[in-house]
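Engineer: Provided below: my_file_27.csv, containing CSV, C-alpha atoms.
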chain,number,residue,atom,x,y,z
A,1,MET,CA,-14.8,-2.9,22.4
A,2,LYS,CA,-18.3,-1.7,21.9
A,3,LYS,CA,-21.0,-3.1,24.3
A,4,TYR,CA,-24.4,-4.0,23.2
A,5,LEU,CA,-25.9,-0.7,24.5
A,6,ASP,CA,-23.4,1.3,22.4
A,7,ILE,CA,-24.6,-0.6,19.3
A,8,TYR,CA,-28.2,-0.3,20.4
A,9,ASN,CA,-27.9,3.5,20.7
A,10,GLU,CA,-25.9,3.8,17.4
A,11,ILE,CA,-28.6,1.9,15.4
A,12,LYS,CA,-31.4,3.7,17.3
A,13,ASN,CA,-30.0,7.1,16.4
A,14,GLN,CA,-29.6,6.0,12.7
A,15,ILE,CA,-33.2,5.0,12.6
A,16,GLU,CA,-34.5,8.1,14.3
A,17,SER,CA,-32.4,10.4,12.0
A,18,LYS,CA,-33.7,8.3,9.1
A,19,GLU,CA,-30.2,7.3,8.0
A,20,LEU,CA,-31.8,3.9,8.2
A,21,PRO,CA,-35.2,4.5,6.6
A,22,SER,CA,-38.4,2.6,7.3
A,23,GLY,CA,-38.6,-0.8,5.7
A,24,SER,CA,-34.8,-1.0,5.1
A,25,LYS,CA,-33.0,-4.2,6.0
A,26,ILE,CA,-30.2,-4.1,8.6
A,27,PRO,CA,-27.2,-6.4,8.6
A,28,SER,CA,-27.8,-10.0,9.8
A,29,VAL,CA,-26.5,-10.9,13.3
A,30,ARG,CA,-23.5,-12.6,11.9
A,31,ARG,CA,-22.7,-9.8,9.5
A,32,ALA,CA,-23.1,-7.1,12.2
A,33,SER,CA,-20.8,-9.1,14.4
A,34,GLU,CA,-18.1,-8.8,11.8
A,35,LEU,CA,-18.8,-5.1,11.1
A,36,TYR,CA,-18.7,-4.1,14.8
A,37,SER,CA,-16.0,-6.6,15.7
A,38,VAL,CA,-18.0,-8.0,18.6
A,39,SER,CA,-19.5,-11.4,19.5
A,40,ILE,CA,-22.7,-12.6,18.1
A,41,THR,CA,-24.2,-12.6,21.6
A,42,THR,CA,-23.5,-8.8,21.9
A,43,ILE,CA,-25.3,-8.2,18.6
A,44,GLN,CA,-28.2,-10.4,19.5
A,45,ASN,CA,-28.7,-8.5,22.8
A,46,ALA,CA,-28.6,-5.1,20.9
A,47,TYR,CA,-31.2,-6.4,18.4
A,48,PHE,CA,-33.4,-7.8,21.1
A,49,GLU,CA,-33.5,-4.4,22.8
A,50,LEU,CA,-34.2,-2.6,19.4
A,51,SER,CA,-37.0,-5.1,18.7
A,52,ALA,CA,-38.5,-4.8,22.1
A,53,ASP,CA,-38.5,-1.0,21.8
A,54,GLY,CA,-40.2,-1.2,18.4
A,55,TYR,CA,-37.3,0.0,16.2
A,56,ILE,CA,-36.8,-3.2,14.2
A,57,VAL,CA,-38.8,-6.2,13.4
A,58,ALA,CA,-37.7,-9.8,12.7
A,59,ARG,CA,-39.3,-11.4,9.7
A,60,ASN,CA,-39.1,-15.2,9.4
A,61,LYS,CA,-36.3,-16.5,7.2
A,62,SER,CA,-35.7,-12.9,6.0
A,63,GLY,CA,-33.9,-11.0,8.7
A,64,TYR,CA,-34.4,-7.7,10.6
A,65,TYR,CA,-36.1,-4.6,9.1
A,66,VAL,CA,-36.5,-1.0,10.3
A,67,THR,CA,-40.1,-0.2,11.4
A,68,SER,CA,-42.0,3.0,10.8
A,69,ILE,CA,-41.3,4.2,14.3
A,70,ALA,CA,-39.2,7.2,13.1
A,71,GLU,CA,-42.1,8.6,11.2
A,72,ARG,CA,-44.3,8.2,14.4
A,73,ILE,CA,-41.7,9.9,16.6
A,74,ASN,CA,-41.1,12.7,14.2
A,75,LYS,CA,-44.8,13.3,13.8
A,76,SER,CA,-45.3,13.4,17.6
A,77,GLU,CA,-42.4,15.8,18.0
A,78,GLU,CA,-43.7,18.0,15.2
A,79,VAL,CA,-47.1,18.3,16.9
A,80,ILE,CA,-45.5,19.1,20.3
A,81,HIS,CA,-43.1,21.6,18.7
A,82,LYS,CA,-45.9,23.2,16.7
A,83,SER,CA,-48.3,23.4,19.5
A,84,LYS,CA,-47.9,26.0,22.2
A,85,CYS,CA,-49.7,23.6,24.5
A,86,ARG,CA,-50.2,24.7,28.0
A,87,TYR,CA,-52.9,22.3,29.0
A,88,ASN,CA,-53.0,18.7,27.8
A,89,LEU,CA,-56.5,17.4,27.8
A,90,THR,CA,-55.9,14.2,25.7
A,91,GLY,CA,-55.4,11.9,28.7
A,92,GLY,CA,-52.3,10.2,29.8
A,93,VAL,CA,-51.4,13.0,32.3
A,94,ALA,CA,-51.7,12.4,36.0
A,95,ASP,CA,-52.7,14.8,38.7
A,96,LYS,CA,-49.7,15.5,41.0
A,97,ASP,CA,-52.0,14.7,44.0
A,98,SER,CA,-53.1,11.3,42.6
A,99,PHE,CA,-50.1,9.3,43.8
A,100,ASP,CA,-48.0,9.2,47.0
A,101,LEU,CA,-44.5,9.5,45.5
A,102,LYS,CA,-42.8,9.4,48.9
A,103,LEU,CA,-44.4,6.0,49.6
A,104,TRP,CA,-43.3,4.7,46.2
A,105,GLN,CA,-39.8,6.0,46.9
A,106,ARG,CA,-39.6,3.9,50.1
A,107,TYR,CA,-40.5,0.8,48.0
A,108,ILE,CA,-37.9,1.6,45.4
A,109,LYS,CA,-35.3,2.1,48.2
A,110,SER,CA,-36.3,-1.2,49.7
A,111,ALA,CA,-35.9,-2.9,46.3
A,112,LEU,CA,-32.4,-1.5,45.9
A,113,ARG,CA,-31.4,-2.9,49.2
A,114,GLN,CA,-31.9,-6.4,47.8
A,115,GLU,CA,-28.3,-6.4,46.6
A,116,SER,CA,-28.1,-10.0,45.4
A,117,ARG,CA,-31.1,-9.4,43.0
A,118,MET,CA,-29.5,-6.2,41.8
A,119,LEU,CA,-26.4,-8.1,40.5
A,120,SER,CA,-28.3,-9.9,37.8
A,121,TYR,CA,-30.6,-9.1,34.8
A,122,SER,CA,-34.3,-9.4,35.2
A,123,GLU,CA,-35.9,-12.5,34.0
A,124,ALA,CA,-37.0,-12.2,30.4
A,125,GLN,CA,-40.6,-13.0,31.4
A,126,GLY,CA,-40.6,-10.7,34.4
A,127,GLU,CA,-39.8,-11.2,38.0
A,128,TYR,CA,-41.5,-14.3,39.3
A,129,ASP,CA,-42.7,-12.9,42.6
A,130,LEU,CA,-44.4,-10.0,40.7
A,131,ARG,CA,-46.0,-12.4,38.4
A,132,CYS,CA,-47.4,-14.3,41.4
A,133,ALA,CA,-48.7,-11.0,42.9
A,134,ILE,CA,-50.3,-10.1,39.6
A,135,SER,CA,-51.9,-13.5,39.3
A,136,GLU,CA,-53.6,-13.1,42.6
A,137,TYR,CA,-54.6,-9.5,41.9
A,138,ILE,CA,-56.3,-10.1,38.5
A,139,LYS,CA,-58.0,-13.2,39.9
A,140,GLU,CA,-59.7,-11.1,42.6
A,141,LYS,CA,-60.4,-8.0,40.5
A,142,ARG,CA,-61.2,-9.4,37.0
A,143,ASN,CA,-61.8,-13.1,37.5
A,144,VAL,CA,-58.8,-13.7,35.3
A,145,VAL,CA,-57.6,-17.1,36.6
A,146,THR,CA,-54.1,-18.0,35.4
A,147,SER,CA,-50.8,-19.3,36.8
A,148,PRO,CA,-47.8,-16.9,37.1
A,149,GLU,CA,-46.1,-19.0,34.3
A,150,ARG,CA,-48.4,-17.7,31.6
A,151,ILE,CA,-47.9,-14.0,32.6
A,152,VAL,CA,-45.4,-11.9,30.7
A,153,ILE,CA,-44.3,-8.5,31.9
A,154,GLY,CA,-43.0,-5.6,29.8
A,155,ALA,CA,-42.4,-1.9,29.8
A,156,GLY,CA,-45.6,-0.6,28.3
A,157,MET,CA,-48.0,-2.0,25.7
A,158,SER,CA,-45.6,-1.6,22.8
A,159,SER,CA,-43.1,-4.1,24.1
A,160,LEU,CA,-45.9,-6.7,24.8
A,161,LEU,CA,-47.4,-6.2,21.3
A,162,ASN,CA,-44.0,-6.8,19.8
A,163,ILE,CA,-43.8,-10.1,21.6
A,164,LEU,CA,-47.3,-11.1,20.5
A,165,CYS,CA,-46.4,-10.2,16.9
A,166,SER,CA,-43.6,-12.7,17.0
A,167,LEU,CA,-45.9,-15.5,18.4
A,168,LEU,CA,-49.0,-15.2,16.3
A,169,ASP,CA,-49.2,-17.0,12.9
A,170,LYS,CA,-47.5,-14.9,10.2
A,171,GLY,CA,-49.9,-13.5,7.6
A,172,SER,CA,-52.9,-13.5,9.9
A,173,MET,CA,-55.5,-10.9,9.5
A,174,ILE,CA,-56.1,-8.7,12.6
A,175,SER,CA,-59.0,-6.3,13.2
A,176,PHE,CA,-59.0,-3.2,15.4
A,177,PRO,CA,-62.2,-1.4,16.6
A,178,ASP,CA,-61.2,1.8,14.7
A,179,LYS,CA,-58.2,3.8,13.5
A,180,SER,CA,-57.6,5.5,16.8
A,181,PHE,CA,-55.6,2.5,18.0
A,182,GLU,CA,-52.6,3.9,16.1
A,183,MET,CA,-49.8,2.2,18.1
A,184,GLY,CA,-51.2,-1.3,17.8
A,185,ILE,CA,-52.1,-0.8,14.1
A,186,GLU,CA,-48.6,0.4,13.2
A,187,THR,CA,-46.9,-2.4,15.2
A,188,PHE,CA,-48.9,-5.2,13.5
A,189,LYS,CA,-48.4,-3.6,10.1
A,190,ASP,CA,-44.6,-3.4,10.7
A,191,TYR,CA,-44.7,-7.2,11.2
A,192,GLY,CA,-46.5,-7.8,8.0
A,193,TYR,CA,-49.9,-8.5,9.3
A,194,ASP,CA,-53.1,-7.8,7.3
A,195,VAL,CA,-54.6,-5.0,9.4
A,196,ARG,CA,-58.3,-4.1,9.1
A,197,THR,CA,-60.8,-2.2,11.2
A,198,ARG,CA,-64.2,-3.5,12.4
A,199,TYR,CA,-63.8,-6.7,10.5
A,200,LYS,CA,-65.4,-9.6,12.3
A,201,ASP,CA,-63.9,-12.4,10.2
A,202,ALA,CA,-60.3,-11.6,11.2
A,203,ASP,CA,-58.0,-14.3,12.6
A,204,VAL,CA,-57.1,-12.0,15.5
A,205,ILE,CA,-59.5,-9.5,17.0
A,206,TYR,CA,-58.1,-6.6,19.1
A,207,VAL,CA,-60.6,-5.0,21.5
A,208,SER,CA,-60.6,-2.7,24.5
A,209,PRO,CA,-64.0,-3.5,26.1
A,210,SER,CA,-63.7,-0.9,28.8
A,211,HIS,CA,-62.6,1.9,26.5
A,212,MET,CA,-63.7,1.1,23.0
A,213,THR,CA,-63.3,4.6,21.7
A,214,ARG,CA,-61.6,7.9,22.8
A,215,TRP,CA,-65.0,8.7,24.3
A,216,GLY,CA,-64.7,5.7,26.6
A,217,ASP,CA,-67.6,3.6,25.4
A,218,VAL,CA,-68.0,0.4,27.3
A,219,MET,CA,-68.8,-3.0,25.6
A,220,THR,CA,-72.1,-4.4,26.8
A,221,ILE,CA,-72.3,-7.8,28.5
A,222,LYS,CA,-74.4,-9.0,25.5
A,223,ARG,CA,-71.7,-8.0,23.0
A,224,ARG,CA,-69.0,-9.6,25.2
A,225,LEU,CA,-70.8,-12.9,25.2
A,226,GLU,CA,-71.4,-12.7,21.4
A,227,LEU,CA,-67.7,-12.0,20.8
A,228,ALA,CA,-66.6,-14.8,23.1
A,229,GLU,CA,-68.9,-17.3,21.4
A,230,TYR,CA,-68.0,-16.1,17.9
A,231,SER,CA,-64.3,-16.2,18.4
A,232,SER,CA,-64.6,-19.7,20.0
A,233,ILE,CA,-66.6,-21.1,17.1
A,234,ASN,CA,-64.3,-19.5,14.5
A,235,ASN,CA,-61.1,-20.3,16.4
A,236,SER,CA,-60.1,-16.6,16.5
A,237,ILE,CA,-57.6,-15.1,18.9
A,238,VAL,CA,-59.0,-12.2,20.9
A,239,ILE,CA,-56.6,-9.7,22.4
A,240,GLU,CA,-58.3,-8.0,25.3
A,241,ASP,CA,-56.7,-4.7,26.2
A,242,ASP,CA,-58.3,-4.1,29.6
A,243,PHE,CA,-57.5,-0.4,29.4
A,244,GLU,CA,-59.0,1.7,32.2
A,245,ASN,CA,-61.3,-1.0,33.5
A,246,GLU,CA,-60.5,0.2,37.0
A,247,PHE,CA,-62.2,3.6,36.2
A,248,LEU,CA,-65.7,2.3,35.3
A,249,TYR,CA,-68.1,4.2,37.6
A,250,ASN,CA,-71.3,4.8,35.6
A,251,VAL,CA,-71.9,1.2,34.5
A,252,LYS,CA,-72.4,-2.1,36.2
A,253,PRO,CA,-69.2,-4.2,36.6
A,254,THR,CA,-68.7,-6.3,33.5
A,255,PRO,CA,-66.8,-9.6,33.3
A,256,SER,CA,-63.6,-9.7,31.4
A,257,LEU,CA,-63.6,-11.4,28.0
A,258,TYR,CA,-60.9,-13.6,29.3
A,259,ALA,CA,-63.3,-15.0,31.9
A,260,LEU,CA,-66.0,-15.5,29.2
A,261,GLY,CA,-63.7,-16.9,26.6
A,262,ASN,CA,-62.8,-20.5,25.8
A,263,GLY,CA,-59.0,-20.3,26.2
A,264,ASN,CA,-58.5,-18.1,23.2
A,265,VAL,CA,-58.2,-14.7,24.8
A,266,VAL,CA,-54.9,-12.9,25.5
A,267,TYR,CA,-55.5,-10.5,28.4
A,268,ILE,CA,-53.4,-7.3,28.5
A,269,SER,CA,-53.4,-4.6,31.2
A,270,SER,CA,-51.1,-2.0,32.7
A,271,PHE,CA,-50.5,-0.3,36.0
A,272,SER,CA,-49.6,3.1,34.5
A,273,ALA,CA,-53.1,4.6,34.8
A,274,MET,CA,-53.4,3.5,38.4
A,275,LEU,CA,-49.9,4.7,39.4
A,276,LEU,CA,-48.1,7.2,37.2
A,277,PRO,CA,-47.6,7.2,33.4
A,278,ALA,CA,-43.8,7.2,34.0
A,279,ILE,CA,-44.0,3.8,35.8
A,280,ARG,CA,-44.1,1.6,32.7
A,281,ILE,CA,-45.1,-1.8,33.8
A,282,SER,CA,-47.6,-3.7,31.8
A,283,PHE,CA,-48.4,-7.4,31.6
A,284,MET,CA,-50.3,-10.0,29.5
A,285,VAL,CA,-51.7,-13.4,30.0
A,286,LEU,CA,-51.0,-15.7,27.1
A,287,THR,CA,-53.2,-18.6,25.9
A,288,THR,CA,-51.8,-22.0,26.5
A,289,LYS,CA,-50.8,-22.4,22.9
A,290,LEU,CA,-49.1,-19.0,22.7
A,291,TYR,CA,-47.3,-19.6,26.0
A,292,GLU,CA,-45.8,-22.8,24.5
A,293,ALA,CA,-44.6,-20.7,21.5
A,294,TYR,CA,-43.2,-18.1,23.9
A,295,LYS,CA,-41.2,-20.7,25.8
A,296,SER,CA,-39.7,-22.0,22.6
A,297,LYS,CA,-38.5,-18.5,21.7
A,298,ILE,CA,-37.8,-17.1,25.1
A,299,LYS,CA,-34.1,-16.6,24.3
A,300,MET,CA,-35.2,-14.1,21.7
A,301,PHE,CA,-36.7,-11.8,24.3
A,302,ALA,CA,-35.2,-9.4,26.8
A,303,GLN,CA,-37.1,-7.8,29.7
A,304,THR,CA,-37.8,-4.1,29.1
A,305,ALA,CA,-39.3,-3.2,32.5
A,306,SER,CA,-37.0,-2.0,35.3
A,307,LYS,CA,-36.1,-4.8,37.7
A,308,THR,CA,-36.1,-2.3,40.6
A,309,GLU,CA,-39.6,-1.1,39.8
A,310,GLN,CA,-40.8,-4.7,39.4
A,311,ILE,CA,-39.6,-5.6,42.9
A,312,ALA,CA,-41.1,-2.4,44.3
A,313,LEU,CA,-44.5,-3.0,42.6
A,314,CYS,CA,-44.6,-6.6,43.8
A,315,ASN,CA,-44.4,-5.4,47.5
A,316,TYR,CA,-46.7,-2.5,46.8
A,317,ILE,CA,-49.4,-4.8,45.6
A,318,ARG,CA,-48.8,-7.4,48.4
A,319,ASP,CA,-49.1,-4.7,51.0
A,320,GLY,CA,-52.5,-3.7,49.7
A,321,HIS,CA,-51.6,-0.2,48.4
A,322,ILE,CA,-52.8,-0.9,44.9
A,323,LYS,CA,-56.4,-1.2,46.2
A,324,SER,CA,-56.3,2.0,48.3
A,325,GLN,CA,-54.6,3.8,45.3
A,326,THR,CA,-57.4,2.7,43.0
A,327,ARG,CA,-60.0,4.0,45.5
A,328,LYS,CA,-58.1,7.3,45.8
A,329,ILE,CA,-57.9,8.1,42.1
A,330,ARG,CA,-61.5,7.0,41.5
A,331,ARG,CA,-62.6,9.6,44.1
A,332,LEU,CA,-60.3,12.3,42.7
A,333,TYR,CA,-61.0,11.9,39.0
A,334,THR,CA,-64.8,11.4,39.5
A,335,ALA,CA,-65.1,14.6,41.5
A,336,LYS,CA,-62.8,16.5,39.1
A,337,ALA,CA,-64.8,15.4,36.0
A,338,LYS,CA,-68.1,16.3,37.5
A,339,TYR,CA,-66.8,19.7,38.7
A,340,PHE,CA,-65.4,20.5,35.3
A,341,ALA,CA,-68.6,19.5,33.6
A,342,GLU,CA,-70.5,21.9,35.9
A,343,ILE,CA,-68.2,24.7,35.0
A,344,LEU,CA,-68.4,24.1,31.3
A,345,SER,CA,-72.2,23.8,31.4
A,346,GLU,CA,-72.4,27.2,33.2
A,347,LYS,CA,-70.1,28.9,30.8
A,348,MET,CA,-71.4,27.3,27.6
A,349,PRO,CA,-75.2,26.9,28.0
A,350,ASP,CA,-75.6,26.2,24.3
A,351,ALA,CA,-73.2,23.3,24.4
A,352,LYS,CA,-74.0,19.7,25.2
A,353,ILE,CA,-71.7,18.4,27.9
A,354,GLU,CA,-71.5,14.6,28.6
A,355,ILE,CA,-69.4,12.6,31.0
A,356,GLY,CA,-68.1,9.2,29.7
A,357,ASP,CA,-68.8,5.9,31.3
A,358,ASN,CA,-65.3,5.9,32.8
A,359,ASN,CA,-65.7,9.4,34.3
A,360,LEU,CA,-62.4,10.4,32.8
A,361,GLN,CA,-63.5,11.9,29.5
A,362,LEU,CA,-65.9,14.7,28.7
A,363,MET,CA,-67.6,15.1,25.3
A,364,ILE,CA,-68.4,18.6,24.3
A,365,THR,CA,-70.6,19.3,21.3
A,366,ALA,CA,-71.2,22.9,20.3
A,367,PRO,CA,-71.7,25.3,17.4
A,368,PHE,CA,-68.4,26.0,15.8
A,369,CYS,CA,-67.3,28.4,13.0
A,370,LYS,CA,-63.6,28.8,13.7
A,371,SER,CA,-60.6,27.1,12.3
A,372,ASN,CA,-59.2,23.8,13.7
A,373,ASP,CA,-56.2,25.5,15.1
A,374,SER,CA,-58.2,27.7,17.5
A,375,PHE,CA,-57.5,25.2,20.3
A,376,GLU,CA,-53.8,25.3,19.6
A,377,LYS,CA,-53.8,29.1,19.6
A,378,SER,CA,-55.5,29.0,23.0
A,379,GLY,CA,-52.8,26.7,24.4
A,380,LEU,CA,-55.0,23.6,24.5
A,381,LEU,CA,-54.4,20.0,23.3
A,382,VAL,CA,-57.7,18.2,22.8
A,383,ASN,CA,-59.0,15.3,20.8
A,384,ILE,CA,-61.3,16.6,18.0
A,385,GLU,CA,-63.8,13.8,17.4
A,386,ARG,CA,-65.6,15.4,14.4
A,387,ILE,CA,-66.7,18.7,12.8
A,388,GLU,CA,-69.9,18.5,10.8
A,389,ASN,CA,-72.3,21.2,9.6
A,390,ASN,CA,-70.6,23.9,11.8
A,391,VAL,CA,-70.9,21.7,14.9
A,392,ILE,CA,-67.8,20.4,16.7
A,393,THR,CA,-67.4,17.5,19.1
A,394,ILE,CA,-64.3,17.3,21.2
A,395,VAL,CA,-63.2,14.8,23.8
A,396,CYS,CA,-61.1,16.0,26.7
A,397,SER,CA,-59.9,14.6,30.0
A,398,PRO,CA,-59.3,17.0,33.0
A,399,ALA,CA,-57.5,14.4,35.0
A,400,GLY,CA,-54.1,16.1,34.8
A,401,ILE,CA,-55.3,19.6,35.3
A,402,PRO,CA,-55.1,21.1,38.9
A,403,TYR,CA,-58.4,21.9,40.5
A,404,ASP,CA,-57.6,25.6,40.8
A,405,GLU,CA,-56.9,25.9,37.0
A,406,LEU,CA,-60.1,24.1,35.8
A,407,GLU,CA,-62.0,27.3,35.4
A,408,SER,CA,-59.2,28.9,33.4
A,409,VAL,CA,-59.2,25.9,31.1
A,410,ALA,CA,-63.0,26.1,30.7
A,411,ASN,CA,-62.6,29.8,29.7
A,412,LEU,CA,-60.0,28.8,27.1
A,413,ILE,CA,-62.2,26.0,25.7
A,414,LYS,CA,-65.1,28.5,25.4
A,415,SER,CA,-62.9,31.1,23.6
A,416,ALA,CA,-61.6,28.4,21.2
A,417,ILE,CA,-65.1,27.3,20.3
A,418,GLU,CA,-67.2,30.4,20.4
Please go through the file and, once you have read it, give me the structure as structure tokens.
Structural biologist:
Amino acid sequence: MKKYLDIYNEIKNQIESKELPSGSKIPSVRRASELYSVSITTIQNAYFELSADGYIVARNKSGYYVTSIAERINKSEEVIHKSKCRYNLTGGVADKDSFDLKLWQRYIKSALRQESRMLSYSEAQGEYDLRCAISEYIKEKRNVVTSPERIVIGAGMSSLLNILCSLLDKGSMISFPDKSFEMGIETFKDYGYDVRTRYKDADVIYVSPSHMTRWGDVMTIKRRLELAEYSSINNSIVIEDDFENEFLYNVKPTPSLYALGNGNVVYISSFSAMLLPAIRISFMVLTTKLYEAYKSKIKMFAQTASKTEQIALCNYIRDGHIKSQTRKIRRLYTAKAKYFAEILSEKMPDAKIEIGDNNLQLMITAPFCKSNDSFEKSGLLVNIERIENNVITIVCSPAGIPYDELESVANLIKSAIE
């Protein structure tokens, strides 16, 4: 008899191979139970996992439909295959010296020794002790005051957004700052939401105040107060993606929208940037109303984050390592960005080199008369912000590049542009 993971993998492969195309309806739970000769519970578990991973979406009173994830996966694979990328400067890559893996391995081993906990699935909402640790952590760091009960844990932002999409009012209009928020935009579109950009009258407003653009622009305190007041008056839900707040160096600390709001802000954050991209643990704080909706549907959701990693992270936070880790990567990435900017300024005197507010991104503006694939041919993966009147602006992050290779990367950027 097939287990739910077998069914999950079979349907996942059919979606990725486009045997089940985007927008197609898959069999109902009851019909799939008959087709696979398994229990309804087995099918439900498989569908929950597929939904959590963004492969299918449930539409009210209609059934389950395939999302556009296959197109996004194929597009990403095409870019990776096409590009002979040696250096990834788009962000999301960590320096090998930024994290003490041996220390983390000790916490993982300690978690695995908790045999009684390893014998059961993780709580759908996330391990309670980790939610308690997160509650204390965000209260101290961001003045986000909440009980552990309103915190939901997931493996990455995608799984949390899928949950949110099932809780918000269907047919709502949601606004994003710009089109660079591709994952969020596609997720909400898959669920049938009316998605706009820079539209203030939306029912749901998605913002990333500490990283509003790829360049890392930070929302001012004045704008935060205006948004908090506007959303409160108009009864709009604000989704605050607190992406990279820990990396703000060049601006004064700014309060979270959650702390300024009137109970209508969903706060979302992740530990991936502070630890390693491969450690996929994110969390969100639901509003009181959305938490009540979540509780009524909790049987629909399965936990996507590793239980072992959740236990390990809980103890890692409680022992104070998250604070020292934050200080460590701040020092490392600040020094690296400044050093890289100095190298580029020396090699490209006619270029304008700027360091972003978060000290992770550099913006390079320079004369440019080559083709767009000159970076690819040089083995570089960068974000091209714009090309106008023979002037190019690119945004790049040197965070994942070893110190001793920064000069070589600068030479490649110079040759790609000049």
Engineer: Quick one: everything within 10 Å of Asn234 of chain A, counting only C-alpha atoms, minus sequence neighbours fewer than 6 positions away in the same chain. Send it as a list in words.
Structural biologist: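 The contact residues come out as Asp201, Ala202 and Asp203 of chain A.
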Engineer: Tell me, as a list of chain:residue names, which residues lie within 9 Å of segment 28-40 of chain A, counting all atoms listed in the file; anything in the same chain fewer than 4 positions away does not count.
Structural biologist: A:Met1, A:Lys2, A:Lys3, A:Tyr4, A:Ile7, A:Gln44, A:Asn45, A:Tyr47, A:Gly63, A:Tyr64
Engineer: May I have a table of the residues of segment 116-235 of chain A lying at most 10 Å from segment 317-336 of chain A, giving each one's closest pair of atoms and their distance in Å to one decimal, counting all atoms listed in the file, ordered by chain and ascending residue number, as CSV?
Structural biologist:
residue,atom,partner,partner_atom,distance
A:Leu130,CA,A:Ile317,CA,8.7
A:Cys132,CA,A:Arg318,CA,9.9
A:Ala133,CA,A:Arg318,CA,6.6
A:Ile134,CA,A:Ile317,CA,8.1
A:Glu136,CA,A:Arg318,CA,9.4
A:Tyr137,CA,A:Ile317,CA,7.9
A:Lys141,CA,A:Lys323,CA,9.7
Engineer: Skip Arg150 of chain A itself and residues of its chain fewer than 3 positions away, then list as a PyMOL selection string all residues within 10 Å of it, counting only C-alpha atoms.
Structural biologist: chain A and resi 125+131+135+146-147+284-288+290-292+294-295
Engineer: Restricting the calculation to only C-alpha atoms, which member of A:Glu309, A:Asp404, A:Glu376, A:Asp350 is positioned closest to Asn88 of chain A?
Structural biologist: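 Of all the options, A:Glu376 lies closest to Asn88 of chain A.
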Engineer: What is the atom CA of Ser345 of chain A-atom CA of Leu406 of chain A distance in Å, reported with one decimal?
Structural biologist: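 If I compute the distance from atom CA of Ser345 of chain A to atom CA of Leu406 of chain A, I get 12.9 Å.
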Engineer: Sorted by chain and rising residue number, which residues of segment 236-317 of chain A lie within 10 Å of segment 224-231 of chain A, and what are their closest atom pairs and distances in Å to one decimal, counting only C-alpha atoms, as CSV?
Structural biologist:
residue,atom,partner,partner_atom,distance
A:Ser236,CA,A:Ser231,CA,4.6
A:Ile237,CA,A:Ser231,CA,6.8
A:Val238,CA,A:Ser231,CA,7.1
A:Thr254,CA,A:Arg224,CA,8.9
A:Pro255,CA,A:Arg224,CA,8.4
A:Ser256,CA,A:Arg224,CA,8.2
A:Leu257,CA,A:Arg224,CA,6.3
A:Tyr258,CA,A:Ala228,CA,8.5
A:Ala259,CA,A:Ala228,CA,9.4
A:Leu260,CA,A:Ala228,CA,6.2
A:Gly261,CA,A:Ala228,CA,5.0
A:Asn262,CA,A:Ala228,CA,7.4
A:Gly263,CA,A:Ala228,CA,9.9
A:Asn264,CA,A:Ser231,CA,7.8
A:Val265,CA,A:Ala228,CA,8.6
Engineer: To one decimal in Å, tell me the separation between atom CA of Val207 of chain A and atom CA of Asn235 of chain A.
Structural biologist: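 Those two atoms sit 16.1 Å apart.
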Engineer: Would you work out the distance separating atom CA of Gly126 of chain A from atom CA of Glu140 of chain A, expressed in Å to one decimal?
Structural biologist: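 Atom-to-atom, atom CA of Gly126 of chain A and atom CA of Glu140 of chain A are spaced 20.8 Å apart.
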Engineer: So, with all atoms listed in the file as the atoms that count, which of A:Ile384, A:Tyr206, A:Ser306, A:Ser158 lies closest to Met183 of chain A?
Structural biologist: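 For Met183 of chain A, the nearest of the candidates is A:Ser158.
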